[in-house]
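Dumped target-v7.csv below, it's CSV, C-alpha atoms:
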chain,number,residue,atom,x,y,z
A,1,MET,CA,0.0,0.0,0.0
A,2,ALA,CA,3.0,2.3,0.2
A,3,CYS,CA,2.5,3.8,-3.3
A,4,HIS,CA,-1.1,4.6,-2.5
A,5,ASN,CA,-0.4,6.2,0.8
A,6,LEU,CA,2.9,8.0,0.0
A,7,ASP,CA,1.4,9.4,-3.2
A,8,ALA,CA,-0.1,12.6,-1.8
A,9,LEU,CA,3.1,13.7,0.1
A,10,PHE,CA,5.3,12.7,-2.8
A,11,TRP,CA,3.5,15.1,-5.1
A,12,ALA,CA,2.6,17.8,-2.6
A,13,LEU,CA,6.1,18.1,-1.1
A,14,LYS,CA,7.8,17.6,-4.5
A,15,ILE,CA,9.8,14.6,-3.2
A,16,GLY,CA,10.5,13.6,-6.8
A,17,GLU,CA,12.7,16.7,-7.2
A,18,ALA,CA,15.2,15.4,-4.7
A,19,LYS,CA,18.4,14.0,-6.3
A,20,HIS,CA,19.3,12.1,-3.2
A,21,PHE,CA,17.9,11.2,0.2
A,22,THR,CA,18.5,8.9,3.1
A,23,VAL,CA,16.3,6.1,4.5
A,24,GLU,CA,16.7,4.2,7.7
A,25,CYS,CA,14.9,1.4,9.4
A,26,LEU,CA,14.2,2.3,13.0
A,27,ARG,CA,12.4,-0.9,14.1
A,28,THR,CA,11.8,-4.3,12.7
A,29,THR,CA,11.0,-7.8,13.8
A,30,GLY,CA,11.4,-11.2,12.3
A,31,GLY,CA,12.1,-11.8,8.6
A,32,SER,CA,14.1,-14.5,6.9
A,33,LYS,CA,15.3,-15.4,3.4
A,34,GLU,CA,11.8,-16.5,2.6
A,35,MET,CA,9.8,-13.7,4.4
A,36,TYR,CA,9.9,-10.0,4.8
A,37,PRO,CA,10.5,-8.6,8.3
A,38,GLN,CA,7.3,-7.4,10.1
A,39,SER,CA,6.3,-4.3,12.1
A,40,ASN,CA,8.8,-2.0,10.5
A,41,ILE,CA,9.2,1.7,11.1
A,42,VAL,CA,11.2,3.5,8.4
A,43,ARG,CA,12.3,7.1,8.3
A,44,TYR,CA,13.2,9.0,5.1
A,45,GLU,CA,15.2,12.2,5.3
A,46,VAL,CA,14.8,14.3,2.1
A,47,PRO,CA,16.9,17.5,1.7
A,48,ALA,CA,15.6,20.8,0.5
A,49,ARG,CA,14.4,20.8,-3.1
A,50,ALA,CA,12.3,22.9,-5.5
A,51,GLY,CA,11.9,25.8,-3.0
A,52,MET,CA,10.9,23.5,-0.1
A,53,GLY,CA,12.7,22.9,3.1
A,54,PRO,CA,14.0,19.4,4.2
A,55,VAL,CA,11.4,16.9,5.3
A,56,LYS,CA,11.3,13.7,7.4
A,57,VAL,CA,8.8,11.0,6.4
A,58,HIS,CA,8.0,8.2,8.8
A,59,VAL,CA,6.3,5.0,7.6
A,60,TYR,CA,4.7,2.6,10.1
A,61,ASP,CA,3.7,-0.9,9.1
A,62,ASN,CA,0.6,-1.1,11.3
A,63,ALA,CA,-1.6,1.0,13.7
A,64,GLY,CA,0.1,-0.4,16.8
A,65,LEU,CA,3.3,1.4,15.8
A,66,ARG,CA,1.8,4.9,15.4
A,67,PRO,CA,3.6,7.7,17.1
A,68,GLU,CA,2.3,9.6,20.1
A,69,ILE,CA,1.4,12.7,17.9
A,70,MET,CA,-1.2,10.6,16.0
A,71,LYS,CA,-2.6,9.1,19.2
A,72,ASP,CA,-2.9,12.6,20.8
A,73,ALA,CA,-4.5,14.0,17.7
A,74,GLU,CA,-7.1,11.2,17.7
A,75,LYS,CA,-8.1,12.2,21.3
A,76,LYS,CA,-7.8,15.9,20.9
A,77,TYR,CA,-9.8,16.2,17.6
A,78,GLU,CA,-12.0,13.1,18.1
A,79,VAL,CA,-11.0,11.5,14.9
A,80,LYS,CA,-10.0,7.9,14.1
A,81,PHE,CA,-7.0,7.3,11.8
A,82,GLY,CA,-6.9,4.3,9.5
A,83,GLU,CA,-4.2,4.2,6.8
A,84,ASP,CA,-4.0,8.0,7.2
A,85,THR,CA,-1.0,10.2,6.5
A,86,LEU,CA,-0.5,13.0,9.0
A,87,PHE,CA,1.4,16.1,7.9
A,88,VAL,CA,2.9,17.8,10.9
A,89,GLY,CA,3.8,21.4,10.2
A,90,ASP,CA,4.8,24.5,12.1
A,91,LYS,CA,1.2,25.8,11.9
A,92,GLY,CA,-0.7,22.7,12.6
A,93,LEU,CA,-1.8,19.3,11.3
A,94,PHE,CA,-3.2,18.1,8.0
A,95,ARG,CA,-4.3,14.6,7.1
A,96,THR,CA,-5.1,12.5,4.1
A,97,GLY,CA,-7.2,9.4,4.5
A,98,GLY,CA,-6.1,5.9,3.5
A,99,THR,CA,-5.1,5.8,-0.2
A,100,CYS,CA,-5.6,9.6,-0.2
A,101,GLY,CA,-9.4,9.2,-0.5
A,102,ASN,CA,-10.1,12.3,1.7
A,103,LEU,CA,-8.2,15.1,3.3
A,104,GLY,CA,-8.6,17.8,5.9
A,105,PHE,CA,-7.1,20.1,8.5
A,106,LEU,CA,-7.0,19.3,12.2
A,107,PRO,CA,-9.0,21.0,13.6
A,108,GLU,CA,-11.4,20.9,10.7
A,109,ASP,CA,-12.6,24.5,11.1
A,110,ARG,CA,-9.1,25.7,10.0
A,111,ARG,CA,-10.1,24.9,6.4
A,112,THR,CA,-11.7,28.4,6.2
A,113,GLU,CA,-8.3,30.1,7.0
A,114,ILE,CA,-6.8,29.0,3.7
A,115,PRO,CA,-8.4,29.7,0.3
A,116,GLU,CA,-8.8,26.8,-2.1
A,117,PRO,CA,-5.6,26.6,-4.2
A,118,PRO,CA,-5.9,26.9,-8.0
A,119,ARG,CA,-6.2,23.6,-9.8
A,120,VAL,CA,-2.9,23.3,-11.7
A,121,LEU,CA,-2.4,19.6,-11.7
A,122,PRO,CA,-3.9,17.5,-14.5
A,123,ARG,CA,-7.1,15.6,-13.5
A,124,ALA,CA,-7.6,11.9,-14.2
A,125,HIS,CA,-10.5,10.8,-16.3
A,126,GLY,CA,-11.8,8.1,-14.0
A,127,GLY,CA,-9.7,5.5,-12.3
A,128,PRO,CA,-6.2,4.5,-13.5
A,129,ILE,CA,-7.4,2.1,-16.2
A,130,GLU,CA,-10.0,4.6,-17.5
A,131,ASP,CA,-7.4,7.4,-17.5
A,132,LEU,CA,-5.0,5.2,-19.5
A,133,PHE,CA,-7.7,4.4,-22.1
A,134,TYR,CA,-8.7,8.1,-22.3
A,135,ALA,CA,-5.0,9.0,-22.9
A,136,ILE,CA,-4.7,6.4,-25.6
A,137,LYS,CA,-7.9,7.4,-27.4
A,138,ASN,CA,-7.2,11.2,-27.1
A,139,GLY,CA,-3.4,11.3,-27.6
A,140,GLY,CA,-2.6,12.5,-24.1
A,141,VAL,CA,-0.6,11.2,-21.1
A,142,PRO,CA,-2.2,9.5,-18.1
A,143,CYS,CA,-1.9,11.2,-14.8
A,144,SER,CA,0.1,8.3,-13.4
A,145,ASN,CA,2.4,7.7,-16.3
A,146,PHE,CA,5.5,5.6,-15.7
A,147,PRO,CA,8.4,8.0,-16.3
A,148,ASP,CA,7.1,11.0,-14.5
A,149,ALA,CA,4.9,9.6,-11.7
A,150,ALA,CA,4.6,5.9,-11.1
A,151,ALA,CA,8.3,5.0,-11.4
A,152,PRO,CA,9.8,7.7,-9.2
A,153,LEU,CA,7.1,7.1,-6.6
A,154,THR,CA,7.7,3.4,-6.6
A,155,SER,CA,11.4,3.8,-6.4
A,156,PHE,CA,11.0,6.0,-3.3
A,157,ALA,CA,8.7,3.5,-1.7
A,158,LEU,CA,11.0,0.5,-2.4
A,159,ALA,CA,14.0,2.4,-0.9
A,160,GLY,CA,12.3,1.6,2.4
A,161,HIS,CA,12.8,-2.1,1.8
A,162,LEU,CA,16.5,-1.5,1.2
A,163,ALA,CA,16.7,0.1,4.6
A,164,GLN,CA,15.0,-3.0,6.1
A,165,PHE,CA,17.6,-5.2,4.4
A,166,ALA,CA,20.4,-3.0,5.6
A,167,GLY,CA,19.3,-3.4,9.2
A,168,VAL,CA,18.1,-1.2,12.1
A,169,GLY,CA,20.2,1.9,12.5
A,170,ARG,CA,22.1,1.7,9.2
A,171,LYS,CA,21.3,4.7,7.0
A,172,VAL,CA,20.9,4.0,3.3
A,173,GLU,CA,22.2,7.0,1.2
A,174,TRP,CA,20.2,6.8,-2.0
A,175,ASP,CA,21.3,8.4,-5.3
A,176,VAL,CA,18.0,8.9,-7.3
A,177,GLU,CA,19.5,9.4,-10.7
A,178,LYS,CA,22.0,6.5,-10.5
A,179,MET,CA,19.4,4.3,-8.7
A,180,LYS,CA,22.0,3.0,-6.2
A,181,CYS,CA,23.0,3.1,-2.6
A,182,THR,CA,26.2,5.0,-2.3
A,183,ASN,CA,27.4,4.0,1.2
A,184,LEU,CA,26.2,0.4,1.7
A,185,PRO,CA,27.1,-1.3,-1.6
A,186,GLU,CA,25.8,-4.7,-0.4
A,187,VAL,CA,22.2,-3.6,-0.6
A,188,ASN,CA,22.5,-2.8,-4.3
A,189,ARG,CA,22.1,-6.4,-5.0
A,190,TYR,CA,18.4,-6.0,-4.3
A,191,VAL,CA,18.0,-3.2,-6.8
A,192,ARG,CA,18.9,-5.1,-10.0
A,193,ARG,CA,19.3,-8.8,-10.7
A,194,ASP,CA,22.1,-10.5,-12.6
A,195,TYR,CA,20.7,-11.9,-15.8
A,196,ARG,CA,22.0,-14.9,-17.7
A,197,PRO,CA,23.8,-14.0,-20.9
A,198,GLY,CA,21.3,-13.4,-23.6
A,199,TRP,CA,18.5,-12.6,-21.2
A,200,GLU,CA,19.6,-9.1,-20.2
A,201,VAL,CA,17.0,-6.4,-19.8

Structure re-expressed in structure tokens:
Amino acid sequence: MACHNLDALFWALKIGEAKHFTVECLRTTGGSKEMYPQSNIVRYEVPARAGMGPVKVHVYDNAGLRPEIMKDAEKKYEVKFGEDTLFVGDKGLFRTGGTCGNLGFLPEDRRTEIPEPPRVLPRAHGGPIEDLFYAIKNGGVPCSNFPDAAAPLTSFALAGHLAQFAGVGRKVEWDVEKMKCTNLPEVNRYVRRDYRPGWEV
């Protein structure tokens, strides 16, 4: 679900503009050669980019791992978080619901303080499949096209797995353009596979 739940912050905070970032696994349990580790907490640290300051992104595998700020916000604002993303800023809190299906300020009455922003991003024509068909029929580009949207977002999400493989407390320094870890070369084996001669991709 990472791509669905990281999507809003990836676009809104222009994460795709970063040329490098670090990602670190703060907690994990279990895992083996046959099974991914469970109950992970992963922290991304993204430097300043595109006129925006640095940002930290924390990802929690399940509700039992949520930070105190989310638990406090649930009590204070009488809300119940599911697969929500909570944006914590200098001026308050903003949330997007699971898979970014809804959004809002906390407290909700703060929405009147900020005018609705202009609609500058392209709008999808239905769901992902319908939008793709629309683009094919009308000669356009789907909102979630591979080179500009889906691939960079997926790469960002999968970097969290590299941090899990690296182990707790080991920061993975990720070069976005080269698609490689620059400080822990052993994790790069998870990025690309070695193909048999004649079967290279």

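Picture a line from CA of Phe146 in chain A to CA of Lys14 in chain A; it runs 16.6 Å.
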
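The residue that comes closest to Asp175 in chain A, out of A:Ser32, A:Thr22, A:Asn62, A:Ser144 and on the basis of all atoms listed in the file, is A:Thr22.
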
Can you check which parts of range 114-159 of chain A lie within 10 Å of range 178-194 of chain A? Per residue, the shortest pair of atoms and distance in Å to one decimal, counting only C-alpha atoms, sorted by chain and number, as CSV.
residue,atom,partner,partner_atom,distance
A:Ser155,CA,A:Met179,CA,8.3
A:Leu158,CA,A:Val191,CA,9.1
A:Ala159,CA,A:Val191,CA,9.1

How many Å lie between CA of Glu113 in chain A and CA of Asp90 in chain A, rounded to one decimal?
15.1 Å

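Going from CA of Phe165 in chain A to CA of Leu6 in chain A covers 20.2 Å.
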
Given the point (3.1, 14.8, 8.9) in the file's coordinates, find the residues that have an atom at most 10 Å from it, counting all atoms listed in the file, and give them as JSON, numbers by chain.
{"A": [9, 55, 56, 57, 58, 69, 70, 84, 85, 86, 87, 88, 89, 92, 93, 94, 95, 96]}

Take the residues that were just selected and, keeping C-alpha atoms, output them as a PDB file, in the coordinates of the input.
ATOM      1  CA  LEU A   9       3.100  13.700   0.100  1.00  0.00           C
ATOM      2  CA  VAL A  55      11.400  16.900   5.300  1.00  0.00           C
ATOM      3  CA  LYS A  56      11.300  13.700   7.400  1.00  0.00           C
ATOM      4  CA  VAL A  57       8.800  11.000   6.400  1.00  0.00           C
ATOM      5  CA  HIS A  58       8.000   8.200   8.800  1.00  0.00           C
ATOM      6  CA  ILE A  69       1.400  12.700  17.900  1.00  0.00           C
ATOM      7  CA  MET A  70      -1.200  10.600  16.000  1.00  0.00           C
ATOM      8  CA  ASP A  84      -4.000   8.000   7.200  1.00  0.00           C
ATOM      9  CA  THR A  85      -1.000  10.200   6.500  1.00  0.00           C
ATOM     10  CA  LEU A  86      -0.500  13.000   9.000  1.00  0.00           C
ATOM     11  CA  PHE A  87       1.400  16.100   7.900  1.00  0.00           C
ATOM     12  CA  VAL A  88       2.900  17.800  10.900  1.00  0.00           C
ATOM     13  CA  GLY A  89       3.800  21.400  10.200  1.00  0.00           C
ATOM     14  CA  GLY A  92      -0.700  22.700  12.600  1.00  0.00           C
ATOM     15  CA  LEU A  93      -1.800  19.300  11.300  1.00  0.00           C
ATOM     16  CA  PHE A  94      -3.200  18.100   8.000  1.00  0.00           C
ATOM     17  CA  ARG A  95      -4.300  14.600   7.100  1.00  0.00           C
ATOM     18  CA  THR A  96      -5.100  12.500   4.100  1.00  0.00           C
TER      19      THR A  96
END

The residue from A:Ile41, A:Ala151, A:Val141, A:Ile15 with the smallest atom-to-atom distance to Tyr60 in chain A, counting all atoms listed in the file, is A:Ile41

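Nearest to Cys25 in chain A of all the residues A:Leu162, A:Val168, A:Leu13, A:Leu106 is A:Val168, counting all atoms listed in the file.
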